[in-house]
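Shown next: run11.pdb, given as PDB, C-alpha atoms, pLDDT in the B column.
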```pdb
ATOM      1  CA  MET Q   1       9.366 -21.732  17.905  1.00 58.00           C
ATOM      2  CA  THR Q   2       7.971 -24.255  15.453  1.00 68.00           C
ATOM      3  CA  LEU Q   3       7.098 -23.499  11.861  1.00 62.00           C
ATOM      4  CA  VAL Q   4       3.442 -24.169  12.653  1.00 64.00           C
ATOM      5  CA  LYS Q   5       3.442 -21.440  15.326  1.00 68.00           C
ATOM      6  CA  ILE Q   6       5.264 -19.043  12.996  1.00 61.00           C
ATOM      7  CA  PHE Q   7       2.750 -19.737  10.223  1.00 62.00           C
ATOM      8  CA  LYS Q   8      -0.169 -19.128  12.577  1.00 66.00           C
ATOM      9  CA  GLN Q   9       1.350 -15.795  13.637  1.00 64.00           C
ATOM     10  CA  THR Q  10       2.008 -14.627  10.091  1.00 64.00           C
ATOM     11  CA  HIS Q  11      -1.052 -16.096   8.387  1.00 63.00           C
ATOM     12  CA  ASN Q  12      -2.994 -12.808   8.385  1.00 59.00           C
ATOM     13  CA  CYS Q  13       0.003 -10.979   6.930  1.00 66.00           C
ATOM     14  CA  LEU Q  14      -0.235 -13.090   3.793  1.00 68.00           C
ATOM     15  CA  LEU Q  15      -3.787 -12.103   2.854  1.00 70.00           C
ATOM     16  CA  PRO Q  16      -4.579 -10.322  -0.410  1.00 73.00           C
ATOM     17  CA  MET Q  17      -5.460  -6.629  -0.023  1.00 73.00           C
ATOM     18  CA  GLY Q  18      -9.112  -7.243  -0.916  1.00 74.00           C
ATOM     19  CA  VAL Q  19      -9.494  -9.717   1.945  1.00 77.00           C
ATOM     20  CA  THR Q  20      -7.570  -7.418   4.269  1.00 77.00           C
ATOM     21  CA  SER Q  21      -9.925  -4.526   3.511  1.00 77.00           C
ATOM     22  CA  GLU Q  22     -12.933  -6.719   4.239  1.00 81.00           C
ATOM     23  CA  ASN Q  23     -11.358  -7.719   7.579  1.00 81.00           C
ATOM     24  CA  VAL Q  24     -10.717  -4.062   8.445  1.00 80.00           C
ATOM     25  CA  ALA Q  25     -14.295  -3.199   7.578  1.00 82.00           C
ATOM     26  CA  HIS Q  26     -15.585  -5.967   9.814  1.00 84.00           C
ATOM     27  CA  CYS Q  27     -13.232  -5.450  12.778  1.00 86.00           C
ATOM     28  CA  PHE Q  28     -13.427  -1.666  12.908  1.00 88.00           C
ATOM     29  CA  THR Q  29     -16.918  -1.072  11.497  1.00 90.00           C
ATOM     30  CA  VAL Q  30     -15.562   0.877   8.545  1.00 87.00           C
ATOM     31  CA  SER Q  31     -17.649   0.798   5.390  1.00 87.00           C
ATOM     32  CA  ARG Q  32     -16.187   0.096   1.975  1.00 82.00           C
ATOM     33  CA  GLN Q  33     -17.196   3.612   0.952  1.00 88.00           C
ATOM     34  CA  GLU Q  34     -15.267   5.085   3.914  1.00 90.00           C
ATOM     35  CA  GLN Q  35     -12.198   3.014   3.000  1.00 87.00           C
ATOM     36  CA  ASP Q  36     -12.405   4.110  -0.625  1.00 88.00           C
ATOM     37  CA  GLN Q  37     -12.784   7.755   0.383  1.00 94.00           C
ATOM     38  CA  ALA Q  38      -9.767   7.509   2.695  1.00 92.00           C
ATOM     39  CA  ALA Q  39      -7.735   6.089  -0.199  1.00 89.00           C
ATOM     40  CA  VAL Q  40      -8.838   8.886  -2.538  1.00 95.00           C
ATOM     41  CA  ASP Q  41      -8.028  11.526   0.091  1.00 96.00           C
ATOM     42  CA  SER Q  42      -4.612   9.972   0.707  1.00 93.00           C
ATOM     43  CA  HIS Q  43      -3.753   9.966  -3.001  1.00 91.00           C
ATOM     44  CA  ARG Q  44      -4.890  13.572  -3.411  1.00 94.00           C
ATOM     45  CA  LYS Q  45      -2.700  14.647  -0.484  1.00 94.00           C
ATOM     46  CA  ALA Q  46       0.247  12.700  -1.899  1.00 89.00           C
ATOM     47  CA  ILE Q  47      -0.072  14.399  -5.294  1.00 88.00           C
ATOM     48  CA  VAL Q  48       0.022  17.839  -3.668  1.00 93.00           C
ATOM     49  CA  VAL Q  49       3.020  17.212  -1.416  1.00 91.00           C
ATOM     50  CA  ILE Q  50       5.012  15.334  -4.070  1.00 87.00           C
ATOM     51  CA  ALA Q  51       4.429  18.180  -6.532  1.00 89.00           C
ATOM     52  CA  ALA Q  52       5.595  20.631  -3.834  1.00 93.00           C
ATOM     53  CA  GLY Q  53       8.794  18.620  -3.400  1.00 89.00           C
ATOM     54  CA  ARG Q  54       8.114  17.842   0.247  1.00 90.00           C
ATOM     55  CA  PHE Q  55       9.084  14.170  -0.129  1.00 84.00           C
ATOM     56  CA  LYS Q  56      12.119  14.666  -2.356  1.00 83.00           C
ATOM     57  CA  ASP Q  57      14.453  13.327   0.341  1.00 86.00           C
ATOM     58  CA  GLU Q  58      12.235  10.312   1.080  1.00 85.00           C
ATOM     59  CA  ILE Q  59      11.364   9.140  -2.446  1.00 82.00           C
ATOM     60  CA  ILE Q  60      14.215   7.437  -4.259  1.00 82.00           C
ATOM     61  CA  PRO Q  61      14.271   6.183  -7.846  1.00 80.00           C
ATOM     62  CA  VAL Q  62      13.808   2.483  -8.416  1.00 83.00           C
ATOM     63  CA  ALA Q  63      15.636   0.913 -11.336  1.00 84.00           C
ATOM     64  CA  THR Q  64      13.484  -1.477 -13.322  1.00 80.00           C
ATOM     65  CA  LYS Q  65      13.432  -3.279 -16.619  1.00 79.00           C
ATOM     66  CA  VAL Q  66      10.453  -3.894 -18.865  1.00 78.00           C
ATOM     67  CA  MET Q  67      11.154  -6.205 -21.752  1.00 77.00           C
ATOM     68  CA  CYS Q  68      14.542  -4.936 -22.985  1.00 79.00           C
ATOM     69  CA  ASN Q  69      14.226  -1.366 -21.737  1.00 79.00           C
ATOM     70  CA  SER Q  70      15.786  -0.302 -18.441  1.00 81.00           C
ATOM     71  CA  PHE Q  71      14.701   2.881 -16.719  1.00 76.00           C
ATOM     72  CA  ALA Q  72      14.224   4.468 -13.309  1.00 78.00           C
ATOM     73  CA  VAL Q  73      10.856   5.164 -11.741  1.00 76.00           C
ATOM     74  CA  PHE Q  74      10.852   8.246  -9.514  1.00 73.00           C
ATOM     75  CA  THR Q  75       7.206   8.334  -8.373  1.00 72.00           C
ATOM     76  CA  ASP Q  76       4.010   6.414  -8.911  1.00 66.00           C
ATOM     77  CA  ASN Q  77       1.836   7.412 -11.817  1.00 60.00           C
ATOM     78  CA  VAL Q  78      -0.308   9.896  -9.944  1.00 53.00           C
TER      79      VAL Q  78
END
```
Translate this file's structure into structure tokens.
Amino acid sequence: MTLVKIFKQTHNCLLPMGVTSENVAHCFTVSRQEQDQAAVDSHRKAIVVIAAGRFKDEIIPVATKVMCNSFAVFTDNV
């Protein structure tokens, strides 16, 4: 397979999220408001199940460094 063919196959995978959401809206007739509401609902559900400890075996800490301070992040800021 040539690099040109590979690029053509992966081109849509390299789009920014904003462009991707517009493509989803167009292809699947989903409004921006529906997408936003789905995102809000998903985050609300995540907060509940994370607080209940239901993902404790799936969420692992990620070590990171900001400036000179190293620390572990256990969950997103929800």
Might you pull out every residue within 12 Å of Phe74 in chain Q, with all atoms listed in the file counted and same-chain residues fewer than 2 positions away left off, and present them as a PyMOL selection string? chain Q and resi 50+55-64+71-72+76-78
Please, what distance in Å, to one decimal, runs between CA of Met17 in chain Q and CA of His43 in chain Q? 16.9 Å
What's the separation between CA of Gln33 in chain Q and CA of Arg54 in chain Q, in Å to one decimal place? 29.0 Å
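The two atoms in question, CA of Thr75 in chain Q and CA of Val48 in chain Q, are spaced 12.8 Å apart.
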Since fewer atoms than expected are present, regenerate all heavy atoms for range 47-58 of chain Q and write them as a short mmCIF file (atom, residue, chain, number, x, y, z; two decimals), keeping the file's coordinate frame.
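As written to disk, part28.cif reads:
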```cif
data_model
loop_
_atom_site.label_atom_id
_atom_site.label_comp_id
_atom_site.auth_asym_id
_atom_site.auth_seq_id
_atom_site.Cartn_x
_atom_site.Cartn_y
_atom_site.Cartn_z
N ILE Q 47 -0.33 13.65 -4.06
CA ILE Q 47 -0.07 14.40 -5.29
C ILE Q 47 0.38 15.81 -4.97
O ILE Q 47 1.35 16.32 -5.54
CB ILE Q 47 -1.34 14.42 -6.18
CG1 ILE Q 47 -1.61 13.03 -6.75
CG2 ILE Q 47 -1.21 15.45 -7.30
CD1 ILE Q 47 -2.97 12.87 -7.39
N VAL Q 48 -0.29 16.45 -4.04
CA VAL Q 48 0.02 17.84 -3.67
C VAL Q 48 1.42 17.95 -3.07
O VAL Q 48 2.23 18.78 -3.47
CB VAL Q 48 -1.04 18.40 -2.69
CG1 VAL Q 48 -0.61 19.75 -2.13
CG2 VAL Q 48 -2.39 18.52 -3.39
N VAL Q 49 1.73 17.08 -2.08
CA VAL Q 49 3.02 17.21 -1.42
C VAL Q 49 4.19 16.74 -2.29
O VAL Q 49 5.28 17.30 -2.21
CB VAL Q 49 3.04 16.51 -0.04
CG1 VAL Q 49 2.06 17.16 0.91
CG2 VAL Q 49 2.78 15.02 -0.15
N ILE Q 50 3.95 15.76 -3.15
CA ILE Q 50 5.01 15.33 -4.07
C ILE Q 50 5.30 16.45 -5.06
O ILE Q 50 6.46 16.77 -5.33
CB ILE Q 50 4.63 14.02 -4.78
CG1 ILE Q 50 4.69 12.86 -3.80
CG2 ILE Q 50 5.56 13.75 -5.97
CD1 ILE Q 50 4.09 11.55 -4.32
N ALA Q 51 4.25 17.07 -5.59
CA ALA Q 51 4.43 18.18 -6.53
C ALA Q 51 5.15 19.36 -5.87
O ALA Q 51 5.91 20.07 -6.52
CB ALA Q 51 3.08 18.63 -7.08
N ALA Q 52 4.95 19.54 -4.57
CA ALA Q 52 5.60 20.63 -3.83
C ALA Q 52 7.02 20.27 -3.44
O ALA Q 52 7.74 21.10 -2.88
CB ALA Q 52 4.77 20.98 -2.60
N GLY Q 53 7.43 19.04 -3.71
CA GLY Q 53 8.79 18.62 -3.40
C GLY Q 53 9.03 18.26 -1.95
O GLY Q 53 10.17 18.13 -1.51
N ARG Q 54 7.95 18.09 -1.19
CA ARG Q 54 8.11 17.84 0.25
C ARG Q 54 8.63 16.44 0.58
O ARG Q 54 9.09 16.22 1.68
CB ARG Q 54 6.81 18.12 0.97
CG ARG Q 54 6.49 19.61 0.95
CD ARG Q 54 5.26 20.00 1.68
NE ARG Q 54 5.19 19.45 3.03
CZ ARG Q 54 4.08 19.44 3.74
NH1 ARG Q 54 2.97 19.92 3.22
NH2 ARG Q 54 4.07 18.94 4.95
N PHE Q 55 8.58 15.52 -0.38
CA PHE Q 55 9.08 14.17 -0.13
C PHE Q 55 10.34 13.87 -0.93
O PHE Q 55 10.75 12.72 -1.06
CB PHE Q 55 8.02 13.12 -0.47
CG PHE Q 55 6.93 13.01 0.55
CD1 PHE Q 55 5.61 12.94 0.14
CD2 PHE Q 55 7.21 12.96 1.90
CE1 PHE Q 55 4.59 12.82 1.08
CE2 PHE Q 55 6.20 12.85 2.84
CZ PHE Q 55 4.87 12.78 2.43
N LYS Q 56 10.98 14.91 -1.47
CA LYS Q 56 12.12 14.67 -2.36
C LYS Q 56 13.25 13.90 -1.67
O LYS Q 56 13.98 13.17 -2.33
CB LYS Q 56 12.62 15.97 -2.96
CG LYS Q 56 13.24 16.91 -1.95
CD LYS Q 56 13.71 18.18 -2.62
CE LYS Q 56 14.33 19.04 -1.53
NZ LYS Q 56 14.23 20.43 -1.76
N ASP Q 57 13.40 14.05 -0.37
CA ASP Q 57 14.45 13.33 0.34
C ASP Q 57 14.03 11.92 0.76
O ASP Q 57 14.85 11.12 1.17
CB ASP Q 57 14.90 14.10 1.58
CG ASP Q 57 15.56 15.42 1.22
OD1 ASP Q 57 16.14 15.51 0.11
OD2 ASP Q 57 15.50 16.35 2.03
N GLU Q 58 12.73 11.63 0.68
CA GLU Q 58 12.24 10.31 1.08
C GLU Q 58 11.96 9.39 -0.10
O GLU Q 58 11.94 8.18 0.05
CB GLU Q 58 10.95 10.45 1.90
CG GLU Q 58 11.16 10.94 3.31
CD GLU Q 58 11.26 12.45 3.39
OE1 GLU Q 58 10.88 13.12 2.43
OE2 GLU Q 58 11.72 12.97 4.43
#
```
